[in-house]
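Dropping work.txt in here (compact mmCIF, C-alpha atoms and all ligand atoms):
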# COMPACT_ATOMS: atom_id res chain seq x y z
CA MET A 222 0.00 0.00 0.00
CA THR A 223 1.29 3.50 -0.85
CA LEU A 224 -0.32 6.54 0.64
CA GLN A 225 -0.05 9.99 -1.00
CA LEU A 226 -0.66 13.11 1.06
CA SER A 227 -0.33 16.81 0.44
CA SER A 228 1.76 18.88 2.89
CA PRO A 229 0.91 22.60 2.73
CA ALA A 230 2.86 25.70 3.77
CA LYS A 231 1.67 28.44 6.13
CA ILE A 232 2.20 32.13 6.54
CA ASN A 233 1.76 34.17 9.71
CA LEU A 234 -0.67 37.02 9.02
CA THR A 235 0.30 38.41 12.41
CA LEU A 236 3.09 37.38 14.74
CA ARG A 237 3.31 38.99 18.12
CA VAL A 238 6.18 38.10 20.44
CA LEU A 239 5.18 38.60 24.05
CA GLY A 240 8.53 37.80 25.67
CA LYS A 241 11.07 35.14 26.43
CA ARG A 242 10.03 32.10 28.44
CA PRO A 243 12.01 30.26 31.11
CA ASP A 244 12.45 27.32 28.68
CA GLY A 245 14.30 29.60 26.21
CA PHE A 246 11.42 29.76 23.68
CA HIS A 247 9.39 32.90 23.06
CA GLU A 248 5.76 33.32 23.98
CA LEU A 249 3.76 34.08 20.84
CA GLU A 250 0.35 35.08 19.61
CA THR A 251 0.07 34.43 15.90
CA LEU A 252 -2.57 34.13 13.21
CA PHE A 253 -1.69 31.17 10.99
CA GLU A 254 -3.00 30.85 7.45
CA ARG A 255 -2.62 27.65 5.45
CA ILE A 256 -1.73 28.37 1.80
CA ASP A 257 -1.93 26.37 -1.41
CA LEU A 258 1.84 26.02 -1.86
CA CYS A 259 2.28 22.32 -1.08
CA ASP A 260 4.80 19.52 -0.98
CA THR A 261 3.64 15.99 -1.73
CA MET A 262 4.57 13.03 0.42
CA SER A 263 4.19 9.31 -0.21
CA PHE A 264 4.35 6.60 2.42
CA GLY A 265 5.07 2.92 1.78
CA LEU A 266 5.53 0.09 4.28
CA ARG A 267 8.99 -1.43 4.81
CA LEU A 268 9.33 -4.82 6.38
CA ASP A 269 12.90 -4.33 7.65
CA GLY A 270 11.86 -1.68 10.21
CA GLN A 271 13.94 1.12 8.67
CA ILE A 272 12.76 4.66 8.09
CA VAL A 273 14.06 5.71 4.68
CA ILE A 274 13.44 9.30 3.56
CA THR A 275 14.10 10.40 0.00
CA CYS A 276 13.96 13.88 -1.47
CA ALA A 277 15.43 15.20 -4.71
CA ASN A 278 16.17 18.60 -3.13
CA PRO A 279 19.72 18.53 -1.66
CA ALA A 280 18.80 21.25 0.87
CA VAL A 281 16.54 18.75 2.64
CA PRO A 282 18.33 16.44 5.08
CA THR A 283 17.13 12.84 4.84
CA ASP A 284 18.52 11.73 8.21
CA SER A 285 17.46 12.29 11.83
CA ARG A 286 17.58 16.09 11.33
CA ASN A 287 14.47 15.87 9.17
CA LEU A 288 11.28 16.46 11.19
CA VAL A 289 9.75 13.54 9.26
CA TYR A 290 12.31 11.25 10.84
CA LYS A 291 11.55 12.77 14.26
CA ALA A 292 7.82 12.18 13.67
CA ALA A 293 8.47 8.50 12.96
CA ALA A 294 10.70 8.20 16.04
CA VAL A 295 8.13 9.89 18.32
CA LEU A 296 5.33 7.63 17.03
CA ARG A 297 7.41 4.47 17.52
CA ASN A 298 8.36 5.60 21.01
CA LYS A 299 4.77 6.32 21.96
CA THR A 300 3.26 3.12 20.59
CA GLY A 301 6.07 0.55 20.59
CA CYS A 302 5.46 0.06 16.85
CA MET A 303 8.58 -1.31 15.11
CA ALA A 304 7.35 -1.02 11.52
CA GLY A 305 9.43 0.76 8.89
CA ALA A 306 8.53 3.10 6.05
CA ASN A 307 9.73 4.53 2.78
CA ILE A 308 8.84 8.22 2.76
CA ARG A 309 9.31 10.28 -0.37
CA ILE A 310 9.08 14.07 -0.20
CA THR A 311 8.46 16.04 -3.38
CA LYS A 312 9.48 19.58 -2.39
CA ARG A 313 7.83 22.71 -3.70
CA ILE A 314 7.85 24.76 -0.50
CA PRO A 315 11.12 26.73 -0.25
CA VAL A 316 13.34 25.44 2.56
CA ALA A 317 14.16 27.55 5.67
CA ALA A 318 11.96 30.38 4.42
CA GLY A 319 9.54 30.98 7.32
CA LEU A 320 6.84 28.93 5.57
CA ALA A 321 7.09 25.92 7.91
CA GLY A 322 7.67 23.40 5.13
CA GLY A 323 9.69 21.11 7.42
CA SER A 324 7.09 21.33 10.20
CA SER A 325 4.30 20.63 7.75
CA ASN A 326 6.18 17.56 6.49
CA GLY A 327 6.55 16.45 10.12
CA ALA A 328 2.80 16.85 10.70
CA THR A 329 1.94 15.04 7.46
CA ALA A 330 4.28 12.22 8.50
CA LEU A 331 2.38 11.87 11.79
CA VAL A 332 -0.91 11.58 9.88
CA GLY A 333 0.53 9.32 7.15
CA LEU A 334 2.34 6.93 9.47
CA ASN A 335 -0.65 6.76 11.84
CA ARG A 336 -2.59 5.42 8.86
CA LEU A 337 0.17 3.32 7.28
CA TRP A 338 1.01 1.61 10.57
CA LYS A 339 -2.67 1.44 11.65
CA LEU A 340 -1.85 3.00 15.02
CA GLY A 341 -5.33 4.42 15.62
CA LEU A 342 -4.06 7.55 17.38
CA SER A 343 -6.58 10.36 17.83
CA ARG A 344 -5.99 13.93 16.69
CA ARG A 345 -5.36 14.90 20.30
CA GLN A 346 -2.61 12.27 20.55
CA LEU A 347 -1.11 13.37 17.23
CA VAL A 348 -1.09 16.99 18.43
CA ALA A 349 0.74 15.93 21.60
CA ALA A 350 3.28 14.12 19.41
CA GLY A 351 3.50 17.19 17.12
CA ARG A 352 4.46 19.43 20.04
CA GLN A 353 7.47 17.22 20.69
CA ILE A 354 8.61 17.72 17.10
CA GLY A 355 8.37 21.52 16.66
CA SER A 356 6.37 24.61 17.56
CA ASP A 357 4.69 24.93 14.14
CA VAL A 358 3.73 21.25 13.78
CA PRO A 359 0.39 21.21 15.69
CA PHE A 360 -1.26 23.85 13.42
CA PHE A 361 -1.06 21.48 10.44
CA LEU A 362 -2.83 18.71 12.37
CA TYR A 363 -6.06 20.68 12.78
CA ASP A 364 -7.16 20.70 9.15
CA THR A 365 -8.19 24.35 9.28
CA PRO A 366 -7.21 27.23 6.97
CA PHE A 367 -6.87 29.73 9.84
CA ALA A 368 -5.94 29.39 13.51
CA ILE A 369 -4.60 31.38 16.41
CA GLY A 370 -1.37 29.98 17.83
CA ARG A 371 -0.32 30.75 21.37
CA GLY A 372 2.40 29.44 23.70
CA ARG A 373 5.38 28.59 21.47
CA GLY A 374 2.87 28.69 18.60
CA ASP A 375 1.97 25.11 19.51
CA VAL A 376 -1.29 25.84 21.37
CA VAL A 377 -3.72 26.09 18.49
CA ARG A 378 -7.27 27.40 18.31
CA PRO A 379 -8.86 26.83 14.88
CA LEU A 380 -10.82 29.79 13.51
CA SER A 381 -13.69 29.58 11.14
CA LEU A 382 -13.35 32.52 8.76
CA PRO A 383 -15.11 32.95 5.41
CA SER A 384 -12.15 34.60 3.67
CA LYS A 385 -10.14 33.15 0.85
CA LEU A 386 -7.15 35.47 0.69
CA TRP A 387 -4.83 36.02 -2.26
CA HIS A 388 -1.19 36.81 -1.73
CA LEU A 389 1.97 37.55 -3.53
CA LEU A 390 4.79 35.69 -1.83
CA VAL A 391 8.44 36.57 -2.41
CA VAL A 392 11.09 34.19 -1.09
CA PRO A 393 14.50 35.89 -1.27
CA ASN A 394 17.56 33.71 -1.76
CA VAL A 395 18.96 34.21 1.73
CA SER A 396 19.10 31.80 4.64
CA MET A 397 17.60 32.78 7.95
CA TYR A 398 18.48 30.74 10.99
CA THR A 399 15.40 30.74 13.25
CA PRO A 400 17.27 30.69 16.62
CA GLU A 401 19.36 33.68 15.44
CA VAL A 402 16.21 35.62 14.51
CA TYR A 403 14.59 34.92 17.88
CA GLY A 404 17.94 35.63 19.57
CA GLY A 405 18.00 39.13 18.04
CA PHE A 406 14.44 39.95 19.10
CA LYS A 407 14.12 43.05 21.30
CA ILE A 408 10.75 43.66 22.87
CA GLU A 409 11.43 47.41 23.20
CA LEU A 410 11.57 47.66 19.39
CA THR A 411 8.05 46.30 18.85
CA LYS A 412 5.00 48.48 18.38
CA PRO A 413 2.55 48.34 21.29
CA ASN A 414 -1.18 47.64 21.07
CA ARG A 415 -1.11 45.37 18.08
CA ASP A 416 -4.10 43.15 18.45
CA VAL A 417 -4.81 40.04 16.41
CA ASN A 418 -8.53 40.34 17.22
CA ILE A 419 -8.88 43.45 15.05
CA LEU A 420 -7.68 41.48 12.05
CA VAL A 421 -9.89 38.51 12.89
CA ARG A 422 -12.93 40.81 13.09
CA LEU A 423 -12.14 42.38 9.71
CA LEU A 424 -11.65 38.96 8.11
CA ARG A 425 -14.97 37.75 9.52
CA LYS A 426 -16.56 40.60 7.55
CA ASP A 427 -14.30 39.88 4.57
CA ARG A 428 -12.96 43.48 4.70
CA ILE A 429 -9.73 42.57 2.93
CA SER A 430 -8.65 46.11 2.19
CA ASP A 431 -8.76 47.14 5.86
CA ALA A 432 -7.36 43.78 6.96
CA GLY A 433 -4.14 44.50 5.08
CA ARG A 434 -3.32 47.31 7.49
CA CYS A 435 -3.34 44.83 10.37
CA VAL A 436 -0.73 42.31 9.20
CA PHE A 437 2.55 42.53 11.13
CA ASN A 438 5.47 40.54 12.45
CA ASP A 439 7.30 41.47 15.64
CA LEU A 440 10.40 39.64 14.35
CA GLU A 441 10.73 42.17 11.51
CA HIS A 442 13.35 44.26 13.26
CA SER A 443 15.50 41.22 14.01
CA ILE A 444 15.06 39.79 10.48
CA THR A 445 15.99 43.07 8.80
CA SER A 446 18.97 43.75 11.07
CA ILE A 447 20.40 40.36 10.05
CA ASN A 448 19.80 41.27 6.39
CA PRO A 449 18.97 44.96 5.74
CA LYS A 450 18.21 44.29 2.06
CA LEU A 451 15.03 42.55 3.17
CA LEU A 452 13.66 45.86 4.41
CA THR A 453 14.20 47.33 0.94
CA LEU A 454 12.23 44.43 -0.53
CA LYS A 455 9.40 44.99 1.95
CA HIS A 456 9.25 48.70 1.12
CA GLN A 457 9.26 47.89 -2.57
CA LEU A 458 6.23 45.64 -2.11
CA GLU A 459 4.46 48.29 -0.05
CA LYS A 460 4.95 50.84 -2.81
CA LEU A 461 3.34 48.56 -5.38
CA ASN A 462 0.01 49.33 -3.79
CA SER A 463 -0.65 46.01 -2.12
CA LYS A 464 -3.03 46.06 0.82
CA GLY A 465 -0.54 45.01 3.46
CA VAL A 466 2.93 43.49 3.64
CA ALA A 467 4.67 41.44 6.34
CA PHE A 468 7.34 38.81 6.87
CA SER A 469 6.21 35.27 7.53
CA GLY A 470 7.58 33.45 10.59
CA SER A 471 11.27 34.08 11.12
CA GLY A 472 11.66 35.16 7.47
CA PRO A 473 13.01 35.77 4.94
CA SER A 474 9.70 35.26 3.03
CA VAL A 475 7.61 38.39 2.58
CA PHE A 476 3.95 38.31 1.60
CA ALA A 477 1.55 40.94 0.36
CA LEU A 478 -2.16 40.74 0.91
CA ALA A 479 -3.88 41.34 -2.42
CA GLU A 480 -7.49 42.28 -2.99
CA SER A 481 -8.02 39.71 -5.73
CA GLN A 482 -6.30 37.04 -7.79
CA LYS A 483 -5.91 39.60 -10.58
CA GLU A 484 -4.13 42.02 -8.26
CA ALA A 485 -1.84 39.24 -6.94
CA LYS A 486 -0.95 38.36 -10.54
CA ARG A 487 -0.23 41.98 -11.35
CA LEU A 488 2.20 42.15 -8.42
CA HIS A 489 3.69 38.84 -9.52
CA ASP A 490 4.37 40.10 -13.04
CA LEU A 491 6.05 43.22 -11.64
CA LEU A 492 8.41 41.29 -9.37
CA ASP A 493 8.94 38.03 -11.21
CA LYS A 494 11.91 39.35 -13.19
CA ARG A 495 13.63 40.81 -10.14
CA TYR A 496 13.35 37.82 -7.81
CA ASN A 497 13.52 34.20 -8.81
CA ARG A 498 11.09 32.79 -6.24
CA VAL A 499 7.82 34.71 -6.55
CA PHE A 500 4.49 32.93 -6.05
CA VAL A 501 0.81 33.76 -6.23
CA VAL A 502 -0.77 31.81 -3.37
CA LYS A 503 -4.16 31.65 -1.70
CA THR A 504 -5.79 30.33 1.44
CA LEU A 505 -6.13 26.55 1.37
O1 LIG B 601 10.08 24.75 17.72
P1 LIG B 601 11.09 24.94 16.64
O2 LIG B 601 12.02 23.76 16.50
O3 LIG B 601 10.51 25.34 15.34
O4 LIG B 601 12.00 26.16 17.09
C1 LIG B 601 13.24 26.44 16.48
C2 LIG B 601 13.95 27.51 17.29
O5 LIG B 601 13.27 28.76 17.14
C3 LIG B 601 13.99 27.28 18.79
O6 LIG B 601 15.10 26.50 19.16
C4 LIG B 601 14.09 28.69 19.34
O7 LIG B 601 15.41 29.17 19.24
C5 LIG B 601 13.24 29.49 18.36
N1 LIG B 601 11.85 29.67 18.80
C6 LIG B 601 11.58 30.51 19.87
N2 LIG B 601 10.27 30.68 20.26
C7 LIG B 601 9.26 30.07 19.59
C8 LIG B 601 9.52 29.23 18.51
C9 LIG B 601 10.83 29.06 18.12
O8 LIG B 601 12.48 31.09 20.48
N3 LIG B 601 8.01 30.28 20.01

Could you render the structure from this file as structure tokens?
Ligand code: C5P
Amino acid sequence: MTLQLSSPAKINLTLRVLGKRPDGFHELETLFERIDLCDTMSFGLRLDGQIVITCANPAVPTDSRNLVYKAAAVLRNKTGCMAGANIRITKRIPVAAGLAGGSSNGATALVGLNRLWKLGLSRRQLVAAGRQIGSDVPFFLYDTPFAIGRGRGDVVRPLSLPSKLWHLLVVPNVSMYTPEVYGGFKIELTKPNRDVNILVRLLRKDRISDAGRCVFNDLEHSITSINPKLLTLKHQLEKLNSKGVAFSGSGPSVFALAESQKEAKRLHDLLDKRYNRVFVVKTL
């Protein structure tokens, strides 16, 4: 039996950092949005008990550093299952870009292996396993386009919103190391009174134009001090008359909220020649 599953990316429409926690992580309040930029994963049973990951993209590790491998290890630990698997990842989501591709693959592996190995774990149990793998993993286990993430980002409350949002997404060719970005965060450089609930209210009413003014990312200062050119890119996008622009996660990806597919395509055509990874994406 081979199982094929899609593994989507996310962006953070808002990302508020509330402070550093005793465990070294940062306390967050974020609005996650699942987008239609997806990897594909296939799962096949192996009788020799090995976990074999393959991926044509050399930037993706296929050993124990891959969150897919961690997902398999956590599941085997929890259940005592000794089965093996061949897991193939077809990558479309840019790696280390703030789009949580690796975390999404980890979440999809939890779902895929639960089925492949007939473990019968509930969503609640998968979410508990997801938390052990990474902060962004639980969001992908809820099967919801939008959710509020609190704690490390791992405490997820699904939101039912009517909006289907269109975005232009630019993924600059620079590497951002998440711990370095969080390490450079300074609470005194964030803007006060930014409230995710304002954005949620506007999205409930589908007021996209106003919603754009409410996207933000408290990591922006840290991201742009590591690489000042990223601020130029953000300003460039803002000038192109998009509704709102922000970094996703710990960067370097920048997204613009567009009013329509047509507008997202217009922005795409303007930037496509200047940057080599420019996507039109929408809520999934
Ligand atoms: O949970 P995850 O493995 O994605 O986190 C990667 C790194 O990002 C952590 O080791 C930590 O340095 C930083 N991080 C943080 N606060 C969060 C999430 C991540 O400081 N809420």

Exercise: Gly305 (chain A) partners within 8 Å, only C-alpha atoms, chain neighbours under 3 positions left out, as an MDAnalysis selection string: chainID A and resid 266:273

Could you jot down the CA of Ser381 (chain A) to CA of Phe360 (chain A) separation for me, Å, one decimal place?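 The value is 13.9 Å.
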
Could you list, as number ranges by chain, every residue within 10 Å of region 455-468 of chain A, counting all atoms listed in the file and ignoring same-chain residues fewer than 2 positions away? A: 232-236, 318-320, 388-392, 429-441, 444-445, 450-453, 470-480, 484-485, 487-488, 491-492

Could you dump the residues just selected with C-alpha atoms as a compact mmCIF listing (two decimals), in the frame of the given file?
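Output (part-v5.txt):
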# COMPACT_ATOMS: atom_id res chain seq x y z
CA ILE A 232 2.20 32.13 6.54
CA ASN A 233 1.76 34.17 9.71
CA LEU A 234 -0.67 37.02 9.02
CA THR A 235 0.30 38.41 12.41
CA LEU A 236 3.09 37.38 14.74
CA ALA A 318 11.96 30.38 4.42
CA GLY A 319 9.54 30.98 7.32
CA LEU A 320 6.84 28.93 5.57
CA HIS A 388 -1.19 36.81 -1.73
CA LEU A 389 1.97 37.55 -3.53
CA LEU A 390 4.79 35.69 -1.83
CA VAL A 391 8.44 36.57 -2.41
CA VAL A 392 11.09 34.19 -1.09
CA ILE A 429 -9.73 42.57 2.93
CA SER A 430 -8.65 46.11 2.19
CA ASP A 431 -8.76 47.14 5.86
CA ALA A 432 -7.36 43.78 6.96
CA GLY A 433 -4.14 44.50 5.08
CA ARG A 434 -3.32 47.31 7.49
CA CYS A 435 -3.34 44.83 10.37
CA VAL A 436 -0.73 42.31 9.20
CA PHE A 437 2.55 42.53 11.13
CA ASN A 438 5.47 40.54 12.45
CA ASP A 439 7.30 41.47 15.64
CA LEU A 440 10.40 39.64 14.35
CA GLU A 441 10.73 42.17 11.51
CA ILE A 444 15.06 39.79 10.48
CA THR A 445 15.99 43.07 8.80
CA LYS A 450 18.21 44.29 2.06
CA LEU A 451 15.03 42.55 3.17
CA LEU A 452 13.66 45.86 4.41
CA THR A 453 14.20 47.33 0.94
CA GLY A 470 7.58 33.45 10.59
CA SER A 471 11.27 34.08 11.12
CA GLY A 472 11.66 35.16 7.47
CA PRO A 473 13.01 35.77 4.94
CA SER A 474 9.70 35.26 3.03
CA VAL A 475 7.61 38.39 2.58
CA PHE A 476 3.95 38.31 1.60
CA ALA A 477 1.55 40.94 0.36
CA LEU A 478 -2.16 40.74 0.91
CA ALA A 479 -3.88 41.34 -2.42
CA GLU A 480 -7.49 42.28 -2.99
CA GLU A 484 -4.13 42.02 -8.26
CA ALA A 485 -1.84 39.24 -6.94
CA ARG A 487 -0.23 41.98 -11.35
CA LEU A 488 2.20 42.15 -8.42
CA LEU A 491 6.05 43.22 -11.64
CA LEU A 492 8.41 41.29 -9.37

Centre, x/y/z edge lengths, axis-aligned box for ligand LIG 601 (chain B) with 6 Å per side, as JSON:
{"center_x": 11.7, "center_y": 27.4, "center_z": 17.9, "size_x": 19.4, "size_y": 19.3, "size_z": 17.1}

Give me, as a PyMOL selection string, the set of residues whose atoms come within 7 Å of any atom of ligand LIG 601 (chain B), counting only C-alpha atoms and all ligand atoms. chain A and resi 245-249+354-357+372-374+399-400+403-404

Restricting the calculation to all atoms listed in the file: of A:Asn298, A:Thr283, A:Ser446, A:Thr365, which residue gets closest to Gln353 (chain A)? A:Asn298

What's around region 274-281 of chain A at 9 Å? Count all atoms listed in the file, leave out sequence neighbours fewer than 6 positions away in its own chain, and write the answer as a list in words.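 The residues satisfying every condition are Asn287, Val289, Tyr290, Ala306, Asn307, Ile308, Arg309, Ile310, Thr311, Lys312, Val316 and Gly323 of chain A.
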
So the first atom is CA of Ile447 (chain A) and the second is CA of Arg498 (chain A); what is the distance between them in Å, to one decimal place?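 Going from CA of Ile447 (chain A) over to CA of Arg498 (chain A) covers 20.2 Å.
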
Residues within 8 Å of Thr329 (chain A), please, as an MDAnalysis selection string. Count all atoms listed in the file; anything in the same chain fewer than 5 positions from it doesn't count. chainID A and resid 226:228 262 361:362

Atom pair CA of Pro315 (chain A) / CA of Pro393 (chain A): separation (Å): 9.8 Å

Please determine, counting all atoms listed in the file, which residue among A:Pro359, A:Asp260, A:Asn326, A:Gly333 has the shortest atom-to-atom distance to Arg345 (chain A).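 When distances to Arg345 (chain A) are compared using all atoms listed in the file, the smallest one comes from A:Pro359.
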
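Proximity of A:Ser481, A:Asn335, A:Ser324, A:Asn414 to Ala230 (chain A), computed with all atoms listed in the file, is greatest for A:Ser324.
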
Identify, on the basis of all atoms listed in the file, every residue whose closest approach to Glu250 (chain A) does not exceed 7 Å; exclude the query and any residue fewer than 2 positions from it along the same chain; express the result as a list in words. Leu236, Arg237, Val238, Ile369, Gly370, Arg371 and Gly374 of chain A
